[in-house]
file upload_36.pdb (PDB, C-alpha atoms and all ligand atoms)
ATOM      1  CA  MET A  13       0.000   0.000   0.000  1.00  0.00           C
ATOM      2  CA  LYS A  14       2.834   2.361   0.830  1.00  0.00           C
ATOM      3  CA  LYS A  15       4.277   1.879  -2.662  1.00  0.00           C
ATOM      4  CA  ARG A  16       0.943   2.860  -4.209  1.00  0.00           C
ATOM      5  CA  ILE A  17       0.803   6.000  -2.066  1.00  0.00           C
ATOM      6  CA  GLU A  18       4.253   6.991  -3.272  1.00  0.00           C
ATOM      7  CA  GLU A  19       3.518   6.237  -6.915  1.00  0.00           C
ATOM      8  CA  LYS A  20       1.569   9.264  -8.097  1.00  0.00           C
ATOM      9  CA  LYS A  21       0.385  12.438  -6.426  1.00  0.00           C
ATOM     10  CA  ASP A  22      -1.106  15.598  -7.814  1.00  0.00           C
ATOM     11  CA  LYS A  23       0.226  19.076  -7.079  1.00  0.00           C
ATOM     12  CA  ASN A  24      -1.856  19.197  -3.868  1.00  0.00           C
ATOM     13  CA  GLY A  25      -0.372  15.935  -2.602  1.00  0.00           C
ATOM     14  CA  ARG A  26      -3.516  13.865  -3.278  1.00  0.00           C
ATOM     15  CA  ILE A  27      -2.935  10.288  -4.389  1.00  0.00           C
ATOM     16  CA  ILE A  28      -3.786   9.655  -8.043  1.00  0.00           C
ATOM     17  CA  ARG A  29      -5.559   6.376  -8.815  1.00  0.00           C
ATOM     18  CA  HIS A  30      -7.177   5.503 -12.118  1.00  0.00           C
ATOM     19  CA  GLY A  31      -6.273   8.971 -13.349  1.00  0.00           C
ATOM     20  CA  ARG A  32      -8.204  10.743 -10.591  1.00  0.00           C
ATOM     21  CA  PRO A  33      -7.084  12.223  -7.271  1.00  0.00           C
ATOM     22  CA  ILE A  34      -8.342  10.271  -4.250  1.00  0.00           C
ATOM     23  CA  PRO A  35     -10.558  12.743  -2.367  1.00  0.00           C
ATOM     24  CA  PHE A  36      -9.649  11.506   1.117  1.00  0.00           C
ATOM     25  CA  THR A  37      -6.540  11.244   3.236  1.00  0.00           C
ATOM     26  CA  TYR A  38      -5.070   8.129   4.782  1.00  0.00           C
ATOM     27  CA  GLU A  39      -6.345   9.331   8.187  1.00  0.00           C
ATOM     28  CA  GLU A  40      -9.872   9.734   6.807  1.00  0.00           C
ATOM     29  CA  LEU A  41      -9.702   6.192   5.416  1.00  0.00           C
ATOM     30  CA  LEU A  42      -8.640   4.895   8.846  1.00  0.00           C
ATOM     31  CA  LYS A  43     -11.557   6.756  10.454  1.00  0.00           C
ATOM     32  CA  TRP A  44     -13.904   5.191   7.899  1.00  0.00           C
ATOM     33  CA  MET A  45     -12.500   1.751   8.714  1.00  0.00           C
ATOM     34  CA  LEU A  46     -13.003   2.286  12.441  1.00  0.00           C
ATOM     35  CA  GLN A  47     -16.598   3.344  11.835  1.00  0.00           C
ATOM     36  CA  LYS A  48     -17.207   0.221   9.751  1.00  0.00           C
ATOM     37  CA  PHE A  49     -15.567  -2.062  12.295  1.00  0.00           C
ATOM     38  CA  PRO A  50     -16.365  -0.543  15.690  1.00  0.00           C
ATOM     39  CA  GLY A  51     -14.478  -3.155  17.720  1.00  0.00           C
ATOM     40  CA  ALA A  52     -11.331  -2.940  15.640  1.00  0.00           C
ATOM     41  CA  ILE A  53      -9.300  -0.874  18.114  1.00  0.00           C
ATOM     42  CA  SER A  54     -10.241  -2.841  21.194  1.00  0.00           C
ATOM     43  CA  GLY A  55      -9.866  -6.116  19.325  1.00  0.00           C
ATOM     44  CA  LEU A  56     -13.155  -7.265  20.814  1.00  0.00           C
ATOM     45  CA  PHE A  57     -14.332  -9.469  18.011  1.00  0.00           C
ATOM     46  CA  PRO A  58     -17.061 -10.285  17.055  1.00  0.00           C
ATOM     47  CA  ASN A  59     -17.972  -6.694  17.919  1.00  0.00           C
ATOM     48  CA  GLY A  60     -15.604  -5.605  15.187  1.00  0.00           C
ATOM     49  CA  ARG A  61     -17.145  -7.900  12.626  1.00  0.00           C
ATOM     50  CA  ILE A  62     -19.686  -7.034  10.016  1.00  0.00           C
ATOM     51  CA  GLN A  63     -21.660  -9.230   7.694  1.00  0.00           C
ATOM     52  CA  CYS A  64     -20.840  -9.226   3.984  1.00  0.00           C
ATOM     53  CA  ARG A  65     -23.966  -7.877   2.326  1.00  0.00           C
ATOM     54  CA  TYR A  66     -23.787 -10.534  -0.383  1.00  0.00           C
ATOM     55  CA  CYS A  67     -22.811 -13.863   1.210  1.00  0.00           C
ATOM     56  CA  LYS A  68     -23.494 -12.958   4.874  1.00  0.00           C
ATOM     57  CA  GLU A  69     -20.000 -14.112   5.911  1.00  0.00           C
ATOM     58  CA  LEU A  70     -18.695 -12.331   9.013  1.00  0.00           C
ATOM     59  CA  VAL A  71     -15.600 -10.304   8.189  1.00  0.00           C
ATOM     60  CA  ASP A  72     -13.390  -8.055  10.286  1.00  0.00           C
ATOM     61  CA  CYS A  73     -11.030  -5.264   9.294  1.00  0.00           C
ATOM     62  CA  LEU A  74      -8.272  -7.798   8.573  1.00  0.00           C
ATOM     63  CA  THR A  75     -10.316 -10.265   6.502  1.00  0.00           C
ATOM     64  CA  ALA A  76     -12.596  -7.889   4.624  1.00  0.00           C
ATOM     65  CA  ALA A  77     -11.965  -6.499   1.176  1.00  0.00           C
ATOM     66  CA  ILE A  78     -12.680  -2.864   0.469  1.00  0.00           C
ATOM     67  CA  ASP A  79     -14.773  -2.746  -2.663  1.00  0.00           C
ATOM     68  CA  HIS A  80     -15.885   0.116  -4.871  1.00  0.00           C
ATOM     69  CA  GLU A  81     -19.643  -0.411  -4.751  1.00  0.00           C
ATOM     70  CA  ILE A  82     -20.002   1.083  -8.228  1.00  0.00           C
ATOM     71  CA  PRO A  83     -16.821  -0.008 -10.034  1.00  0.00           C
ATOM     72  CA  LEU A  84     -14.501   2.802 -11.082  1.00  0.00           C
ATOM     73  CA  LYS A  85     -14.558   1.486 -14.649  1.00  0.00           C
ATOM     74  CA  ARG A  86     -18.330   1.931 -14.614  1.00  0.00           C
ATOM     75  CA  GLY A  87     -18.147   5.542 -13.490  1.00  0.00           C
ATOM     76  CA  GLY A  88     -18.072   4.925  -9.741  1.00  0.00           C
ATOM     77  CA  ASP A  89     -16.841   7.670  -7.462  1.00  0.00           C
ATOM     78  CA  VAL A  90     -13.373   7.387  -5.932  1.00  0.00           C
ATOM     79  CA  GLY A  91     -14.553   8.815  -2.587  1.00  0.00           C
ATOM     80  CA  LEU A  92     -15.348   7.090   0.694  1.00  0.00           C
ATOM     81  CA  SER A  93     -19.083   7.111  -0.082  1.00  0.00           C
ATOM     82  CA  ASN A  94     -18.487   4.521  -2.819  1.00  0.00           C
ATOM     83  CA  LEU A  95     -16.502   2.140  -0.592  1.00  0.00           C
ATOM     84  CA  GLU A  96     -17.923  -0.848   1.211  1.00  0.00           C
ATOM     85  CA  ALA A  97     -16.398  -3.677   3.190  1.00  0.00           C
ATOM     86  CA  ILE A  98     -17.325  -7.115   1.865  1.00  0.00           C
ATOM     87  CA  SER A  99     -15.815 -10.591   1.959  1.00  0.00           C
ATOM     88  CA  ARG A 100     -12.734 -11.172  -0.184  1.00  0.00           C
ATOM     89  CA  ASP A 101     -14.483 -13.952  -2.074  1.00  0.00           C
ATOM     90  CA  CYS A 102     -17.340 -11.654  -3.026  1.00  0.00           C
ATOM     91  CA  ASN A 103     -14.914  -8.888  -3.952  1.00  0.00           C
ATOM     92  CA  ASN A 104     -13.077 -11.225  -6.327  1.00  0.00           C
ATOM     93  CA  TYR A 105     -16.300 -12.666  -7.665  1.00  0.00           C
ATOM     94  CA  LYS A 106     -18.099  -9.325  -8.102  1.00  0.00           C
ATOM     95  CA  GLY A 107     -15.370  -7.883 -10.331  1.00  0.00           C
ATOM     96  CA  GLY A 108     -16.737  -5.039 -12.422  1.00  0.00           C
ATOM     97  CA  LEU A 109     -20.398  -5.720 -11.663  1.00  0.00           C
ATOM     98  CA  THR A 110     -22.654  -3.277  -9.852  1.00  0.00           C
ATOM     99  CA  PRO A 111     -24.346  -4.532  -6.657  1.00  0.00           C
ATOM    100  CA  THR A 112     -27.627  -5.030  -8.558  1.00  0.00           C
ATOM    101  CA  GLU A 113     -25.913  -7.047 -11.291  1.00  0.00           C
ATOM    102  CA  PHE A 114     -23.929  -9.112  -8.792  1.00  0.00           C
ATOM    103  CA  ILE A 115     -27.039  -9.934  -6.750  1.00  0.00           C
ATOM    104  CA  ALA A 116     -28.892 -10.811  -9.973  1.00  0.00           C
ATOM    105  CA  LEU A 117     -26.048 -13.133 -10.995  1.00  0.00           C
ATOM    106  CA  ARG A 118     -26.049 -14.845  -7.592  1.00  0.00           C
ATOM    107  CA  ASN A 119     -29.855 -15.204  -7.653  1.00  0.00           C
ATOM    108  CA  TRP A 120     -29.785 -16.537 -11.213  1.00  0.00           C
ATOM    109  CA  LEU A 121     -27.182 -19.133 -10.274  1.00  0.00           C
ATOM    110  CA  ALA A 122     -29.180 -20.110  -7.185  1.00  0.00           C
ATOM    111  CA  GLY A 123     -32.309 -20.549  -9.316  1.00  0.00           C
ATOM    112  CA  MET A 124     -30.595 -22.497 -12.074  1.00  0.00           C
ATOM    113  CA  PHE A 125     -28.457 -24.958 -10.153  1.00  0.00           C
ATOM    114  CA  CYS A 126     -28.517 -27.133  -7.065  1.00  0.00           C
ATOM    115  CA  ASP A 127     -26.135 -25.979  -4.297  1.00  0.00           C
ATOM    116  CA  ALA A 128     -23.295 -28.305  -5.353  1.00  0.00           C
ATOM    117  CA  ALA A 129     -23.443 -27.155  -8.983  1.00  0.00           C
ATOM    118  CA  ARG A 130     -23.794 -23.501  -7.953  1.00  0.00           C
ATOM    119  CA  PHE A 131     -20.706 -23.714  -5.696  1.00  0.00           C
ATOM    120  CA  ASP A 132     -18.816 -25.324  -8.579  1.00  0.00           C
ATOM    121  CA  VAL A 133     -19.833 -22.590 -11.045  1.00  0.00           C
ATOM    122  CA  GLU A 134     -19.115 -19.824  -8.503  1.00  0.00           C
ATOM    123  CA  GLY A 135     -15.689 -21.331  -7.793  1.00  0.00           C
ATOM    124  CA  ARG A 136     -14.869 -21.384 -11.497  1.00  0.00           C
ATOM    125  CA  LEU A 137     -16.012 -17.786 -11.920  1.00  0.00           C
ATOM    126  CA  LYS A 138     -13.899 -16.668  -8.951  1.00  0.00           C
ATOM    127  CA  LYS A 139     -10.829 -18.396 -10.425  1.00  0.00           C
ATOM    128  CA  ALA A 140     -11.496 -16.831 -13.830  1.00  0.00           C
ATOM    129  CA  VAL A 141     -11.816 -13.359 -12.300  1.00  0.00           C
ATOM    130  CA  LYS A 142      -8.578 -13.817 -10.327  1.00  0.00           C
ATOM    131  CA  LEU A 143      -6.795 -15.045 -13.461  1.00  0.00           C
ATOM    132  CA  ALA A 144      -8.125 -12.149 -15.532  1.00  0.00           C
ATOM    133  CA  ALA A 145      -7.031  -9.685 -12.845  1.00  0.00           C
ATOM    134  CA  SER A 146      -3.527 -11.166 -12.679  1.00  0.00           C
ATOM    135  CA  VAL A 147      -3.189 -11.177 -16.480  1.00  0.00           C
ATOM    136  CA  ASN A 148      -4.399  -7.572 -16.605  1.00  0.00           C
ATOM    137  CA  TRP A 149      -1.930  -6.598 -13.861  1.00  0.00           C
ATOM    138  CA  SER A 150       0.867  -8.431 -15.664  1.00  0.00           C
ATOM    139  CA  ARG A 151       0.081  -6.626 -18.937  1.00  0.00           C
ATOM    140  CA  LYS A 152       0.082  -3.260 -17.183  1.00  0.00           C
ATOM    141  CA  SER A 153       3.430  -4.052 -15.533  1.00  0.00           C
ATOM    142  CA  LYS A 154       4.981  -5.075 -18.848  1.00  0.00           C
ATOM    143  CA  ALA A 155       3.586  -2.010 -20.590  1.00  0.00           C
ATOM    144  CA  LYS A 156       5.170   0.230 -17.951  1.00  0.00           C
ATOM    145  CA  SER A 157       8.538  -1.508 -18.236  1.00  0.00           C
ATOM    146  CA  ILE A 158       8.818  -1.086 -22.011  1.00  0.00           C
ATOM    147  CA  PRO A 159      11.175   1.842 -22.708  1.00  0.00           C
ATOM    148  CA  LYS A 160       9.766   4.547 -24.961  1.00  0.00           C
TER     149      LYS A 160
HETATM  150 ZN    ZN B 201     -19.398 -12.086   0.685  1.00  0.00          ZN
END
call {"tool": "encode", "arguments": {"input": "upload_36.pdb", "output": "structure tokens"}}
result
Amino acid sequence: MKKRIEEKKDKNGRIIRHGRPIPFTYEELLKWMLQKFPGAISGLFPNGRIQCRYCKELVDCLTAAIDHEIPLKRGGDVGLSNLEAISRDCNNYKGGLTPTEFIALRNWLAGMFCDAARFDVEGRLKKAVKLAASVNWSRKSKAKSIPK
């Protein structure tokens, strides 16, 4: 995370991600995290746990993934109001879908398949999303390393 912070900043010192300055500071992000996970400081879990809105898994500040509710590629805001804490599995699985689309996909799978088949299909989709993300990251890294 520190490397990302040092990567790009605008003239006002704001971190640049996806071509846009992040409209909050690191301290504001920490405050947001503490509001999401009220037991995080005291370590009094499960008080610091919340339920993933999609799969209902209990996650804490160490096991949750911070997701852009509306994906940045779909025009989502880069501010704190567009962040939500969900399970890592759901974050990987959701990819570039909006919450409505992701819920529709999950409901469609639940209606089409028995539990065993649905878990199998969901597992394959999660692997495909992870693979696509790693290939995309690899391409970006190679593109950056090519001298102009
Ligand atoms: Zn989940």
call {"tool": "closest_residue", "arguments": {"input": "upload_36.pdb", "among": "A:Gly25, A:Pro111, A:Gly88, A:Gly31", "to": "ligand ZN 201 (chain B)", "atoms": "all atoms listed in the file"}}
result
A:Pro111
call {"tool": "closest_residue", "arguments": {"input": "upload_36.pdb", "among": "A:Leu143, A:His30, A:Phe36, A:Lys20", "to": "Leu92 in chain A", "atoms": "all atoms listed in the file"}}
result
A:Phe36
call {"tool": "residues_near_ligand", "arguments": {"input": "upload_36.pdb", "ligand": "ligand ZN 201 (chain B)", "cutoff": "9 Å", "atoms": "all atoms listed in the file", "output": "list in words"}}
result
Gln63, Cys64, Arg65, Tyr66, Cys67, Lys68, Glu69, Leu70, Val71, Ala76, Ile98, Ser99, Arg100, Asp101, Cys102, Asn103 and Tyr105 of chain A
call {"tool": "write_last_selection", "arguments": {"input": "upload_36.pdb", "atoms": "C-alpha atoms", "output": "PDB file, in the frame of the given file"}}
result
ATOM      1  CA  GLN A  63     -21.660  -9.230   7.694  1.00  0.00           C
ATOM      2  CA  CYS A  64     -20.840  -9.226   3.984  1.00  0.00           C
ATOM      3  CA  ARG A  65     -23.966  -7.877   2.326  1.00  0.00           C
ATOM      4  CA  TYR A  66     -23.787 -10.534  -0.383  1.00  0.00           C
ATOM      5  CA  CYS A  67     -22.811 -13.863   1.210  1.00  0.00           C
ATOM      6  CA  LYS A  68     -23.494 -12.958   4.874  1.00  0.00           C
ATOM      7  CA  GLU A  69     -20.000 -14.112   5.911  1.00  0.00           C
ATOM      8  CA  LEU A  70     -18.695 -12.331   9.013  1.00  0.00           C
ATOM      9  CA  VAL A  71     -15.600 -10.304   8.189  1.00  0.00           C
ATOM     10  CA  ALA A  76     -12.596  -7.889   4.624  1.00  0.00           C
ATOM     11  CA  ILE A  98     -17.325  -7.115   1.865  1.00  0.00           C
ATOM     12  CA  SER A  99     -15.815 -10.591   1.959  1.00  0.00           C
ATOM     13  CA  ARG A 100     -12.734 -11.172  -0.184  1.00  0.00           C
ATOM     14  CA  ASP A 101     -14.483 -13.952  -2.074  1.00  0.00           C
ATOM     15  CA  CYS A 102     -17.340 -11.654  -3.026  1.00  0.00           C
ATOM     16  CA  ASN A 103     -14.914  -8.888  -3.952  1.00  0.00           C
ATOM     17  CA  TYR A 105     -16.300 -12.666  -7.665  1.00  0.00           C
TER      18      TYR A 105
END
call {"tool": "atom_distance", "arguments": {"input": "upload_36.pdb", "atom1": "CA of Pro50 in chain A", "atom2": "CA of Leu74 in chain A"}}
result
13.0 Å
call {"tool": "closest_residue", "arguments": {"input": "upload_36.pdb", "among": "A:Glu96, A:Asp79, A:Asp89, A:Asp132", "to": "Ile62 in chain A", "atoms": "all atoms listed in the file"}}
result
A:Glu96
call {"tool": "closest_residue", "arguments": {"input": "upload_36.pdb", "among": "A:Pro83, A:Thr112, A:Lys106, A:Gln47", "to": "Ala140 in chain A", "atoms": "all atoms listed in the file"}}
result
A:Lys106
call {"tool": "atom_distance", "arguments": {"input": "upload_36.pdb", "atom1": "CA of Arg26 in chain A", "atom2": "CA of Met45 in chain A"}}
result
19.3 Å
call {"tool": "residues_around", "arguments": {"input": "upload_36.pdb", "residues": "Arg118 in chain A", "least_positions_apart": "5", "cutoff": "9 Å", "atoms": "all atoms listed in the file", "output": "list in words"}}
result
Tyr66, Glu113, Gly123, Arg130 and Glu134 of chain A
call {"tool": "axis_aligned_box", "arguments": {"input": "upload_36.pdb", "around": "range 88-106 of chain A", "padding_each_side": "6 Å", "output": "AutoDock Vina command-line options"}}
result
--center_x -15.9 --center_y -2.6 --center_z -3.3 --size_x 18.3 --size_y 34.8 --size_z 24.9
call {"tool": "atom_distance", "arguments": {"input": "upload_36.pdb", "atom1": "CA of Glu40 in chain A", "atom2": "CA of Asn24 in chain A"}}
result
16.4 Å
call {"tool": "closest_residue", "arguments": {"input": "upload_36.pdb", "among": "A:Leu95, A:Ala77, A:Leu42, A:Val133", "to": "Leu121 in chain A", "atoms": "only C-alpha atoms"}}
result
A:Val133
call {"tool": "closest_residue", "arguments": {"input": "upload_36.pdb", "among": "A:Cys73, A:Thr110, A:Ile27, A:Arg61", "to": "Arg86 in chain A", "atoms": "only C-alpha atoms"}}
result
A:Thr110
